[in-house]
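Take a look at the structure below.
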Amino acid sequence: SDNSTIDSLQDTRTNTQFALLKELNTTTYNHTREMKNLTAEARQIMDLRHLGLQNIAYEKRHLEEEIVKCRQFRSIYQDIELISEEDFLNTAPPELTQDSNAHARMINRLKFEHQERLRLKQVLEDLNQERLQLIKEHRLEGSQLEDLDSQLDDIVKACQPIEKMLNPPPAPEPTPMDTTEAS
């Protein structure tokens, strides 16, 4: 019976150790599953951040390309003559010349140039209208003068017979030979 007690003790110890092993196995399995879940969550967060970083890198590259395009772009104001900076500062209204920012001042300078060109265009149109009116008046006066000239010609022609009657032709003047014969 000693053997059976020893066997029984060993069985109990073995069962206890198996139970302990099962518990350790379950704990390890649960811990492993928890670590896998944490790893998956961390990987998902890292993937999202990596994707965000790629998006930012793409956006940065796109913006850099746009900056290069903008710098290479030839705008209209580069090809047109603008009023000089000095003239702009002297003639433009103060609200356009006060800005110290070069970009804002250039925009104000373009606005002023636009206003001036519109004003000068209006002056040109007004002067053209005045010129056309003067040409019209000149043609009318020229036509009236031509009519008056033809009327004067008609009057002169009509007066020629009267003038001939009132002013007979002068007698011929004696020539030097005629004066020597008379002596």
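Identifiers in this document derive from the order of the structure tokens: chains are assigned A, B, ..., residues are numbered from 1 separately in each chain, and ligands are numbered from 1 in order of occurrence.
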
Backbone-only DSSP, alpha helix (DSSP H) members of range 47-182 of chain A, as a PyMOL selection string: chain A and resi 47-72+85-91+94-97+102-166+176-182

Non-local contacts of Ile107 in chain A (12 Å; only C-alpha atoms; under 5 positions in same chain excluded) as a ChimeraX atom specification: /A:77,82,88,96-97,99-102,112-114

Distance of CA of Arg119 in chain A from CA of Glu85 in chain A, expressed in Å to one decimal place: 19.4 Å
